[in-house]
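K.L.:
So I've got this file, entry.csv, and it contains CSV, C-alpha atoms:
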chain,number,residue,atom,x,y,z
A,1,MET,CA,12.8,-16.5,-21.5
A,2,LYS,CA,15.8,-14.3,-22.4
A,3,LYS,CA,14.6,-10.8,-21.5
A,4,ILE,CA,12.1,-9.4,-19.0
A,5,ALA,CA,11.1,-6.0,-17.8
A,6,VAL,CA,10.2,-4.6,-14.4
A,7,TYR,CA,8.0,-1.5,-13.6
A,8,THR,CA,6.4,0.2,-10.7
A,9,SER,CA,2.9,1.5,-11.0
A,10,GLY,CA,0.2,3.3,-9.1
A,11,GLY,CA,0.9,4.9,-5.7
A,12,ASP,CA,4.5,4.7,-4.6
A,13,SER,CA,5.3,2.7,-1.4
A,14,PRO,CA,8.5,2.3,0.7
A,15,GLY,CA,10.3,-0.8,-0.3
A,16,MET,CA,9.6,-0.6,-4.0
A,17,ASN,CA,13.3,0.1,-4.7
A,18,ALA,CA,14.2,-3.0,-2.6
A,19,CYS,CA,11.9,-5.0,-4.8
A,20,VAL,CA,13.3,-3.6,-8.0
A,21,ARG,CA,16.8,-4.5,-6.7
A,22,ALA,CA,15.7,-8.1,-6.0
A,23,VAL,CA,14.1,-8.4,-9.4
A,24,VAL,CA,17.2,-7.2,-11.2
A,25,ARG,CA,19.6,-9.3,-9.2
A,26,THR,CA,17.5,-12.4,-9.5
A,27,ALA,CA,17.2,-12.0,-13.3
A,28,MET,CA,21.0,-11.6,-13.6
A,29,TYR,CA,21.6,-14.6,-11.4
A,30,ASN,CA,19.5,-16.6,-13.8
A,31,GLN,CA,21.3,-15.1,-16.8
A,32,VAL,CA,18.2,-13.2,-18.1
A,33,ASP,CA,18.5,-9.7,-19.5
A,34,ILE,CA,16.5,-7.2,-17.5
A,35,VAL,CA,15.2,-3.7,-18.4
A,36,GLY,CA,13.2,-1.1,-16.5
A,37,ILE,CA,10.1,0.6,-17.7
A,38,VAL,CA,10.0,4.2,-16.4
A,39,ARG,CA,6.7,5.6,-15.2
A,40,GLY,CA,4.8,2.4,-15.4
A,41,TYR,CA,2.2,2.0,-18.1
A,42,SER,CA,2.8,5.6,-19.3
A,43,GLY,CA,6.5,4.7,-20.0
A,44,MET,CA,5.4,1.5,-21.6
A,45,ILE,CA,3.3,3.5,-24.1
A,46,ASP,CA,6.0,6.2,-24.5
A,47,ASN,CA,8.8,3.6,-25.0
A,48,ASP,CA,10.7,4.9,-22.0
A,49,ILE,CA,12.6,1.7,-21.4
A,50,VAL,CA,16.1,1.6,-19.9
A,51,GLU,CA,18.7,-1.1,-19.4
A,52,LEU,CA,19.3,-2.3,-15.9
A,53,ASN,CA,22.3,-4.0,-14.3
A,54,SER,CA,23.8,-4.7,-10.9
A,55,ARG,CA,25.2,-1.2,-10.7
A,56,SER,CA,21.8,0.3,-11.5
A,57,VAL,CA,20.3,-1.0,-8.3
A,58,SER,CA,23.3,-0.7,-6.0
A,59,ASN,CA,22.7,1.5,-2.9
A,60,ILE,CA,18.9,1.7,-3.4
A,61,ILE,CA,17.6,-0.9,-0.9
A,62,GLN,CA,17.3,1.8,1.8
A,63,ARG,CA,15.7,4.4,-0.3
A,64,GLY,CA,12.0,5.3,-0.3
A,65,GLY,CA,10.0,6.0,-3.5
A,66,THR,CA,11.0,4.3,-6.7
A,67,ILE,CA,13.9,4.9,-9.0
A,68,LEU,CA,11.7,3.8,-12.0
A,69,LYS,CA,9.2,6.5,-11.1
A,70,THR,CA,5.5,5.8,-11.3
A,71,ALA,CA,2.4,7.3,-12.9
A,72,ARG,CA,-1.2,6.6,-13.6
A,73,SER,CA,-2.1,6.1,-17.3
A,74,ALA,CA,-5.5,6.7,-18.7
A,75,ALA,CA,-4.1,6.0,-22.2
A,76,PHE,CA,-3.3,2.4,-21.2
A,77,MET,CA,-6.9,1.8,-20.5
A,78,THR,CA,-7.7,2.3,-24.2
A,79,PRO,CA,-7.1,-0.4,-26.8
A,80,GLU,CA,-4.9,1.9,-28.8
A,81,GLY,CA,-2.7,2.6,-25.8
A,82,ARG,CA,-2.3,-1.1,-25.0
A,83,LEU,CA,-1.4,-1.8,-28.7
A,84,GLN,CA,1.3,0.8,-28.6
A,85,ALA,CA,2.7,-0.6,-25.4
A,86,TYR,CA,2.7,-4.1,-26.9
A,87,ASN,CA,4.5,-3.0,-30.0
A,88,ASN,CA,7.2,-1.3,-27.9
A,89,LEU,CA,7.7,-4.4,-25.7
A,90,LYS,CA,8.1,-6.6,-28.8
A,91,ALA,CA,10.5,-4.2,-30.4
A,92,HIS,CA,12.7,-4.5,-27.3
A,93,GLY,CA,12.4,-8.3,-27.3
A,94,ILE,CA,10.7,-8.3,-23.9
A,95,GLU,CA,9.1,-11.7,-23.2
A,96,GLY,CA,7.8,-11.2,-19.6
A,97,LEU,CA,6.9,-8.5,-17.1
A,98,ILE,CA,7.2,-7.9,-13.3
A,99,CYS,CA,4.7,-5.4,-12.1
A,100,ILE,CA,5.2,-3.9,-8.6
A,101,GLY,CA,2.0,-2.2,-7.7
A,102,GLY,CA,-1.5,-2.5,-6.3
A,103,ASN,CA,-5.1,-3.2,-7.4
A,104,GLY,CA,-5.2,-0.9,-10.4
A,105,SER,CA,-1.7,-2.0,-11.6
A,106,PHE,CA,-2.7,-5.6,-11.5
A,107,THR,CA,-5.9,-4.9,-13.3
A,108,GLY,CA,-3.9,-3.4,-16.2
A,109,ALA,CA,-1.5,-6.3,-16.3
A,110,LYS,CA,-4.4,-8.8,-16.3
A,111,LEU,CA,-6.1,-7.1,-19.2
A,112,PHE,CA,-2.8,-6.8,-21.1
A,113,TYR,CA,-2.1,-10.6,-20.7
A,114,GLU,CA,-5.6,-11.5,-21.8
A,115,GLU,CA,-5.2,-9.4,-25.0
A,116,TYR,CA,-1.6,-10.0,-26.0
A,117,GLY,CA,-0.4,-13.0,-23.9
A,118,ILE,CA,2.7,-11.3,-22.4
A,119,PRO,CA,3.1,-13.1,-19.0
A,120,CYS,CA,3.2,-11.0,-15.9
A,121,ILE,CA,3.9,-11.7,-12.3
A,122,GLY,CA,3.0,-9.0,-9.7
A,123,ALA,CA,4.6,-8.0,-6.4
A,124,PRO,CA,2.2,-6.2,-4.1
A,125,GLY,CA,3.5,-2.7,-3.6
A,126,THR,CA,0.9,-0.6,-1.7
A,127,ILE,CA,0.8,0.9,1.8
A,128,ASP,CA,-2.9,0.0,2.1
A,129,ASN,CA,-2.3,-3.7,2.6
A,130,ASP,CA,-5.7,-4.4,0.9
A,131,LEU,CA,-4.7,-7.1,-1.7
A,132,TYR,CA,-6.1,-10.5,-1.2
A,133,GLY,CA,-3.6,-13.3,-1.2
A,134,THR,CA,-0.9,-11.8,1.0
A,135,ASP,CA,-0.7,-11.1,4.7
A,136,PHE,CA,1.3,-7.9,4.1
A,137,THR,CA,2.0,-5.7,1.2
A,138,ILE,CA,5.3,-3.9,0.5
A,139,GLY,CA,5.3,-0.5,2.3
A,140,PHE,CA,2.5,-1.2,4.8
A,141,ASP,CA,4.9,-1.8,7.7
A,142,THR,CA,6.8,1.5,7.0
A,143,ALA,CA,3.5,3.5,6.7
A,144,VAL,CA,2.3,2.2,10.0
A,145,ASN,CA,5.5,3.0,11.7
A,146,THR,CA,5.4,6.5,10.3
A,147,ALA,CA,1.9,7.0,11.5
A,148,VAL,CA,2.7,5.6,15.0
A,149,ASP,CA,5.7,7.9,15.3
A,150,ALA,CA,3.4,10.9,14.5
A,151,ILE,CA,0.8,9.7,16.9
A,152,ASP,CA,3.4,9.4,19.7
A,153,LYS,CA,4.4,13.0,19.1
A,154,ILE,CA,0.8,14.2,19.0
A,155,ARG,CA,0.1,12.3,22.2
A,156,ASP,CA,2.7,14.4,24.0
A,157,THR,CA,1.0,17.7,23.2
A,158,ALA,CA,-2.5,16.2,23.7
A,159,ASP,CA,-1.4,15.3,27.2
A,160,SER,CA,0.2,18.6,27.9
A,161,HIS,CA,-3.0,20.6,26.9
A,162,ASP,CA,-5.6,18.0,27.9
A,163,ARG,CA,-7.0,17.9,24.4
A,164,VAL,CA,-8.7,15.5,22.0
A,165,PHE,CA,-6.8,14.9,18.7
A,166,PHE,CA,-8.2,13.3,15.6
A,167,VAL,CA,-5.4,11.9,13.4
A,168,GLU,CA,-6.3,11.1,9.8
A,169,VAL,CA,-4.3,8.4,8.1
A,170,MET,CA,-4.4,7.0,4.6
A,171,GLY,CA,-6.9,4.3,3.6
A,172,ARG,CA,-9.6,5.4,1.2
A,173,HIS,CA,-11.1,1.9,1.0
A,174,SER,CA,-9.2,0.1,3.7
A,175,GLY,CA,-8.7,0.5,7.4
A,176,TYR,CA,-5.5,-1.5,7.8
A,177,ILE,CA,-3.2,1.4,8.5
A,178,ALA,CA,-5.7,3.1,10.9
A,179,LEU,CA,-6.3,-0.1,12.8
A,180,ALA,CA,-2.7,-1.1,13.2
A,181,ALA,CA,-1.5,2.4,14.0
A,182,GLY,CA,-4.4,3.0,16.3
A,183,VAL,CA,-3.7,-0.1,18.4
A,184,ALA,CA,0.1,0.5,18.4
A,185,GLY,CA,-0.4,4.2,19.2
A,186,GLY,CA,-2.9,3.6,22.1
A,187,ALA,CA,-5.8,5.4,20.4
A,188,GLU,CA,-9.1,5.6,22.4
A,189,SER,CA,-11.1,5.2,19.2
A,190,ILE,CA,-10.4,4.0,15.6
A,191,LEU,CA,-12.7,4.8,12.7
A,192,ILE,CA,-12.4,2.7,9.6
A,193,PRO,CA,-14.5,2.0,6.5
A,194,GLU,CA,-15.1,-1.6,7.4
A,195,SER,CA,-16.8,-1.1,10.7
A,196,ALA,CA,-20.0,1.0,11.2
A,197,GLU,CA,-20.1,0.2,14.9
A,198,ASP,CA,-17.0,2.2,15.7
A,199,TRP,CA,-18.9,5.4,14.8
A,200,HIS,CA,-21.5,4.9,17.5
A,201,LYS,CA,-19.0,3.8,20.1
A,202,MET,CA,-16.9,7.0,19.4
A,203,ILE,CA,-20.0,9.2,19.8
A,204,ASP,CA,-20.9,7.5,23.1
A,205,PHE,CA,-17.3,7.9,24.2
A,206,PHE,CA,-17.2,11.7,23.7
A,207,ILE,CA,-20.8,13.0,24.1
A,208,GLY,CA,-23.1,10.1,24.9
A,209,ASP,CA,-24.4,8.7,28.1
A,210,HIS,CA,-21.0,7.0,28.9
A,211,LYS,CA,-19.0,10.1,28.2
A,212,SER,CA,-15.3,9.5,29.1
A,213,LYS,CA,-13.7,11.4,31.9
A,214,LYS,CA,-10.2,11.1,30.3
A,215,ALA,CA,-8.2,14.3,30.2
A,216,PHE,CA,-7.0,13.7,26.7
A,217,SER,CA,-7.7,11.3,23.9
A,218,ILE,CA,-6.4,10.2,20.5
A,219,VAL,CA,-8.8,9.1,17.7
A,220,VAL,CA,-7.3,7.6,14.5
A,221,VAL,CA,-9.5,8.0,11.4
A,222,ALA,CA,-9.0,6.3,8.0
A,223,GLU,CA,-9.5,8.9,5.2
A,224,GLY,CA,-12.2,6.7,3.7
A,225,GLU,CA,-14.4,6.4,6.8
A,226,GLU,CA,-18.0,6.6,5.6
A,227,HIS,CA,-18.8,9.7,7.8
A,228,GLY,CA,-16.0,11.6,6.2
A,229,GLY,CA,-12.4,12.5,7.0
A,230,ALA,CA,-11.2,13.8,10.4
A,231,MET,CA,-12.2,17.4,9.7
A,232,GLN,CA,-15.8,16.4,8.7
A,233,ILE,CA,-16.2,14.1,11.7
A,234,VAL,CA,-15.1,16.8,14.2
A,235,GLU,CA,-17.6,19.2,12.6
A,236,GLN,CA,-20.4,16.6,13.0
A,237,LEU,CA,-19.5,16.1,16.7
A,238,LYS,CA,-19.5,19.9,17.3
A,239,ALA,CA,-23.0,20.0,15.8
A,240,MET,CA,-24.1,17.4,18.3
A,241,ASP,CA,-22.4,19.1,21.3
A,242,ALA,CA,-21.3,22.7,21.0
A,243,GLN,CA,-18.9,22.2,23.9
A,244,PHE,CA,-17.0,19.6,22.1
A,245,ASP,CA,-13.5,20.7,21.1
A,246,ALA,CA,-10.8,18.8,19.2
A,247,ARG,CA,-7.7,19.3,17.0
A,248,VAL,CA,-7.2,17.6,13.7
A,249,THR,CA,-3.9,16.3,12.2
A,250,ILE,CA,-3.9,14.9,8.6
A,251,LEU,CA,-0.7,12.9,8.1
A,252,GLY,CA,-1.2,12.7,4.3
A,253,HIS,CA,1.6,11.6,2.0
A,254,ILE,CA,4.4,11.4,4.6
A,255,GLN,CA,3.1,7.9,5.1
A,256,ARG,CA,4.1,7.0,1.5
A,257,GLY,CA,7.7,8.3,1.9
A,258,GLY,CA,10.8,7.6,4.0
A,259,SER,CA,13.3,4.8,4.3
A,260,PRO,CA,11.6,1.4,4.4
A,261,THR,CA,11.7,-0.6,7.6
A,262,ALA,CA,13.8,-3.7,7.9
A,263,TYR,CA,10.6,-5.8,7.6
A,264,ASP,CA,9.6,-4.1,4.3
A,265,ARG,CA,13.1,-4.5,2.9
A,266,VAL,CA,13.1,-8.3,3.6
A,267,LEU,CA,9.5,-8.7,2.3
A,268,ALA,CA,10.3,-6.7,-0.9
A,269,SER,CA,13.4,-8.8,-1.4
A,270,ARG,CA,11.6,-12.1,-1.0
A,271,LEU,CA,8.7,-11.1,-3.2
A,272,GLY,CA,10.9,-9.6,-6.0
A,273,ASN,CA,12.9,-12.8,-6.0
A,274,ALA,CA,9.8,-15.0,-6.0
A,275,ALA,CA,8.2,-13.0,-8.8
A,276,VAL,CA,11.1,-13.5,-11.2
A,277,GLU,CA,11.5,-17.2,-10.4
A,278,ALA,CA,7.7,-17.7,-10.9
A,279,LEU,CA,7.9,-15.9,-14.3
A,280,LEU,CA,10.9,-18.0,-15.4
A,281,SER,CA,9.2,-21.2,-14.4
A,282,GLY,CA,6.2,-20.5,-16.7
A,283,GLU,CA,3.7,-18.8,-14.3
A,284,ALA,CA,1.7,-15.9,-15.5
A,285,ASN,CA,-1.1,-13.6,-14.5
A,286,LYS,CA,-0.4,-14.1,-10.8
A,287,MET,CA,0.7,-12.1,-7.7
A,288,ALA,CA,3.6,-13.3,-5.5
A,289,GLY,CA,2.4,-12.8,-1.9
A,290,MET,CA,3.3,-13.8,1.7
A,291,ARG,CA,1.1,-16.0,3.8
A,292,ASN,CA,2.2,-17.4,7.1
A,293,ASN,CA,5.7,-16.3,6.2
A,294,MET,CA,5.7,-18.5,3.1
A,295,VAL,CA,5.7,-17.2,-0.5
A,296,VAL,CA,2.5,-18.1,-2.4
A,297,LEU,CA,1.0,-17.2,-5.8
A,298,THR,CA,-2.5,-15.9,-6.1
A,299,SER,CA,-4.2,-15.2,-9.4
A,300,PHE,CA,-4.6,-11.5,-10.4
A,301,ASP,CA,-8.4,-12.1,-10.5
A,302,GLU,CA,-8.5,-13.2,-6.9
A,303,ALA,CA,-6.0,-10.6,-5.7
A,304,ILE,CA,-8.1,-7.8,-7.3
A,305,ASN,CA,-11.6,-9.0,-6.6
A,306,LYS,CA,-11.6,-11.0,-3.4
A,307,THR,CA,-12.1,-9.1,-0.1
A,308,LYS,CA,-9.3,-9.2,2.4
A,309,HIS,CA,-10.9,-9.0,5.8
A,310,LEU,CA,-9.5,-7.2,8.8
A,311,ASN,CA,-8.4,-9.2,11.8
A,312,PRO,CA,-11.4,-9.1,14.2
A,313,ASP,CA,-9.0,-9.6,17.2
A,314,LEU,CA,-7.4,-6.2,16.6
A,315,LEU,CA,-10.9,-4.6,16.4
A,316,ARG,CA,-11.7,-6.2,19.8
A,317,LEU,CA,-8.5,-5.0,21.4
A,318,VAL,CA,-9.7,-1.4,20.9
A,319,ASP,CA,-12.7,-2.0,23.1
A,320,VAL,CA,-10.7,-4.1,25.6
A,321,PHE,CA,-8.0,-1.5,26.1
A,322,ASN,CA,-10.3,1.5,26.2
A,323,CYS,CA,-11.9,0.6,29.5
Can you give me the file's structure in the form of structure tokens?
P.N.:
Amino acid sequence: MKKIAVYTSGGDSPGMNACVRAVVRTAMYNQVDIVGIVRGYSGMIDNDIVELNSRSVSNIIQRGGTILKTARSAAFMTPEGRLQAYNNLKAHGIEGLICIGGNGSFTGAKLFYEEYGIPCIGAPGTIDNDLYGTDFTIGFDTAVNTAVDAIDKIRDTADSHDRVFFVEVMGRHSGYIALAAGVAGGAESILIPESAEDWHKMIDFFIGDHKSKKAFSIVVVAEGEEHGGAMQIVEQLKAMDAQFDARVTILGHIQRGGSPTAYDRVLASRLGNAAVEALLSGEANKMAGMRNNMVVLTSFDEAINKTKHLNPDLLRLVDVFNC
């Protein structure tokens, strides 16, 4: 393999630049030409492909976002779009791909490989940490630290005013950020899509028979909680008890930005390096992930379709610490 391409796709996550840097430097170390596809699958269709070298990725390991940009592409999900992408890659002599992204990005790479046979290795870049086959995804640690920093600040004002605050974090289908940030931030309750029991415990904590006497409380809510986001949940509690009062803070996209933590930089560097080495050794249609601090390869099919379960010990800690 003489020439490969790297692209970032889907939602951005802190550490993507560190991963791009690792991919470029590893390709150069192995004397393989490397190019970058700008704006993911959209750039692949639009032929927005740029040469990369050591200088291209200098001084980016500490930067959030992605220098290659990212976009969602409806056109790539059509046969015509994928054919155009394939023709562009062949015109550039590109023989393999490194995809830094999440579930949807790997779905596109898997379909592309099945149709045109261009091998791809993925690096898990998503703050949600919801991909099967890796203990952590690139950006998760930074997002959790961002959320915890906000919770710490909110706790100060909650304490000062003896108030209840509901803090909404990202996680449309996954409660990983909410659970980790809630435990680290000392939340009295955590609401996540994966656990229906937490809803009833939270109601009992605030307005049930075992109503808490605490002067102030913090509740962390994943945006995909089945009863709605933080705003909707507070409205439901007010409907149950007119005396209930709470403030809502929605952290939103600040969780996707910022300088990556040291852990995310190291993780991104290891996975970017492993992805290129796997591609050059003949692997295809797989994701490079981290399990028990060891790099492992997992098929795209498993990474996309298998469920990654939350650690039940963390869920139990919420009850233990909230006595």
K.L.:
Which one of A:Ser195, A:Asn129, A:Thr261, A:Ser160 sits closest to A:Phe216 if you count all atoms listed in the file?
P.N.:
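Ranked by minimum distance to A:Phe216, first place goes to A:Ser160.
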K.L.:
Calculate how many Å separate atom CA of A:Val276 from atom CA of A:Arg25, rounding to one decimal.
P.N.:
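That distance, rounded to one decimal, is 9.7 Å.
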K.L.:
If we count all atoms listed in the file and set the cut-off at 9 Å, which residues sit around A:Asp130, ignoring sequence neighbours fewer than 5 positions away in its own chain? Please answer as a list in words.
P.N.:
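Near neighbours after the sequence-gap exclusion: Gly102, Asn103, Phe136, Thr137, His173, Ser174, Gly175, Tyr176, Thr307, Lys308 and His309 of chain A.
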K.L.:
Using only C-alpha atoms, list the residues that have an atom at most 9 Å from (-5.5, -0.6, 11.2), coordinates as in the file, as a PDB file with C-alpha atoms, keeping the file's coordinate frame.
P.N.:
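Ended up saving to selection-v5.pdb:
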ATOM      1  CA  VAL A 144       2.300   2.200  10.000  1.00  0.00           C
ATOM      2  CA  SER A 174      -9.200   0.100   3.700  1.00  0.00           C
ATOM      3  CA  GLY A 175      -8.700   0.500   7.400  1.00  0.00           C
ATOM      4  CA  TYR A 176      -5.500  -1.500   7.800  1.00  0.00           C
ATOM      5  CA  ILE A 177      -3.200   1.400   8.500  1.00  0.00           C
ATOM      6  CA  ALA A 178      -5.700   3.100  10.900  1.00  0.00           C
ATOM      7  CA  LEU A 179      -6.300  -0.100  12.800  1.00  0.00           C
ATOM      8  CA  ALA A 180      -2.700  -1.100  13.200  1.00  0.00           C
ATOM      9  CA  ALA A 181      -1.500   2.400  14.000  1.00  0.00           C
ATOM     10  CA  GLY A 182      -4.400   3.000  16.300  1.00  0.00           C
ATOM     11  CA  VAL A 183      -3.700  -0.100  18.400  1.00  0.00           C
ATOM     12  CA  ILE A 190     -10.400   4.000  15.600  1.00  0.00           C
ATOM     13  CA  ILE A 192     -12.400   2.700   9.600  1.00  0.00           C
ATOM     14  CA  ALA A 222      -9.000   6.300   8.000  1.00  0.00           C
ATOM     15  CA  LEU A 310      -9.500  -7.200   8.800  1.00  0.00           C
ATOM     16  CA  LEU A 314      -7.400  -6.200  16.600  1.00  0.00           C
ATOM     17  CA  LEU A 315     -10.900  -4.600  16.400  1.00  0.00           C
TER      18      LEU A 315
END
K.L.:
Between A:Tyr116, A:Tyr132, A:Tyr41, A:Tyr7, which one has atoms that come closest to A:Asn305, using all atoms listed in the file?
P.N.:
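Closest to A:Asn305, using all atoms listed in the file: A:Tyr132.
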K.L.:
Go through A:Leu317, A:Ala150, A:Ala5, A:Ala262 and flag the residue nearest A:Met44, using all atoms listed in the file for the distances.
P.N.:
A:Ala5
K.L.:
Could you check the closest approach to A:Gly15 for each of A:Ala75, A:Val234, A:Ala147, A:Leu267 and tell me which residue wins, using all atoms listed in the file?
P.N.:
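Residue with the minimum atom-to-atom distance to A:Gly15: A:Leu267.
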K.L.:
For A:Val50, please output as a list in words all residues within 7 Å (counting all atoms listed in the file; exclusion window: fewer than 3 positions along the same chain).
P.N.:
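Residues meeting the cut-off are Val35, Gly36 and Ile37 of chain A.
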K.L.:
Quick one: everything within 12 Å of A:Gly257, counting only C-alpha atoms, minus sequence neighbours fewer than 5 positions away in the same chain. Send it as an NGL selection string.
P.N.:
:A and (11-17 or 62-66 or 126-127 or 139-147 or 251-252)
K.L.:
Which one of A:Arg39, A:Arg172, A:His161, A:Lys90 sits closest to A:Gly228 if you count only C-alpha atoms?
P.N.:
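Under the stated criterion, the closest residue is A:Arg172.
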K.L.:
Name the residues in contact with A:Val20 at a cut-off of 12 Å, using all atoms listed in the file, excluding same-chain residues fewer than 4 positions from it; report them as an NGL selection string.
P.N.:
:A and (5-9 or 14-16 or 24-27 or 34-38 or 52-54 or 56-69 or 98-101 or 122-123 or 125 or 138 or 265 or 268-273 or 275-276)
K.L.:
Determine the nearest neighbour of A:Met287 from the options A:Phe106, A:Phe206, A:Phe76, A:Tyr86, counting all atoms listed in the file.
P.N.:
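Smallest separation from A:Met287 among the options: A:Phe106.
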K.L.:
List as a list in words: which residues have an atom within 10 Å of (0.2, -1.4, -28.7), counting all atoms listed in the file?
P.N.:
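Checking each residue against the 10 Å limit leaves Met44, Ile45, Phe76, Thr78, Pro79, Glu80, Gly81, Arg82, Leu83, Gln84, Ala85, Tyr86, Asn87, Asn88, Leu89, Lys90, Phe112 and Tyr116 of chain A.
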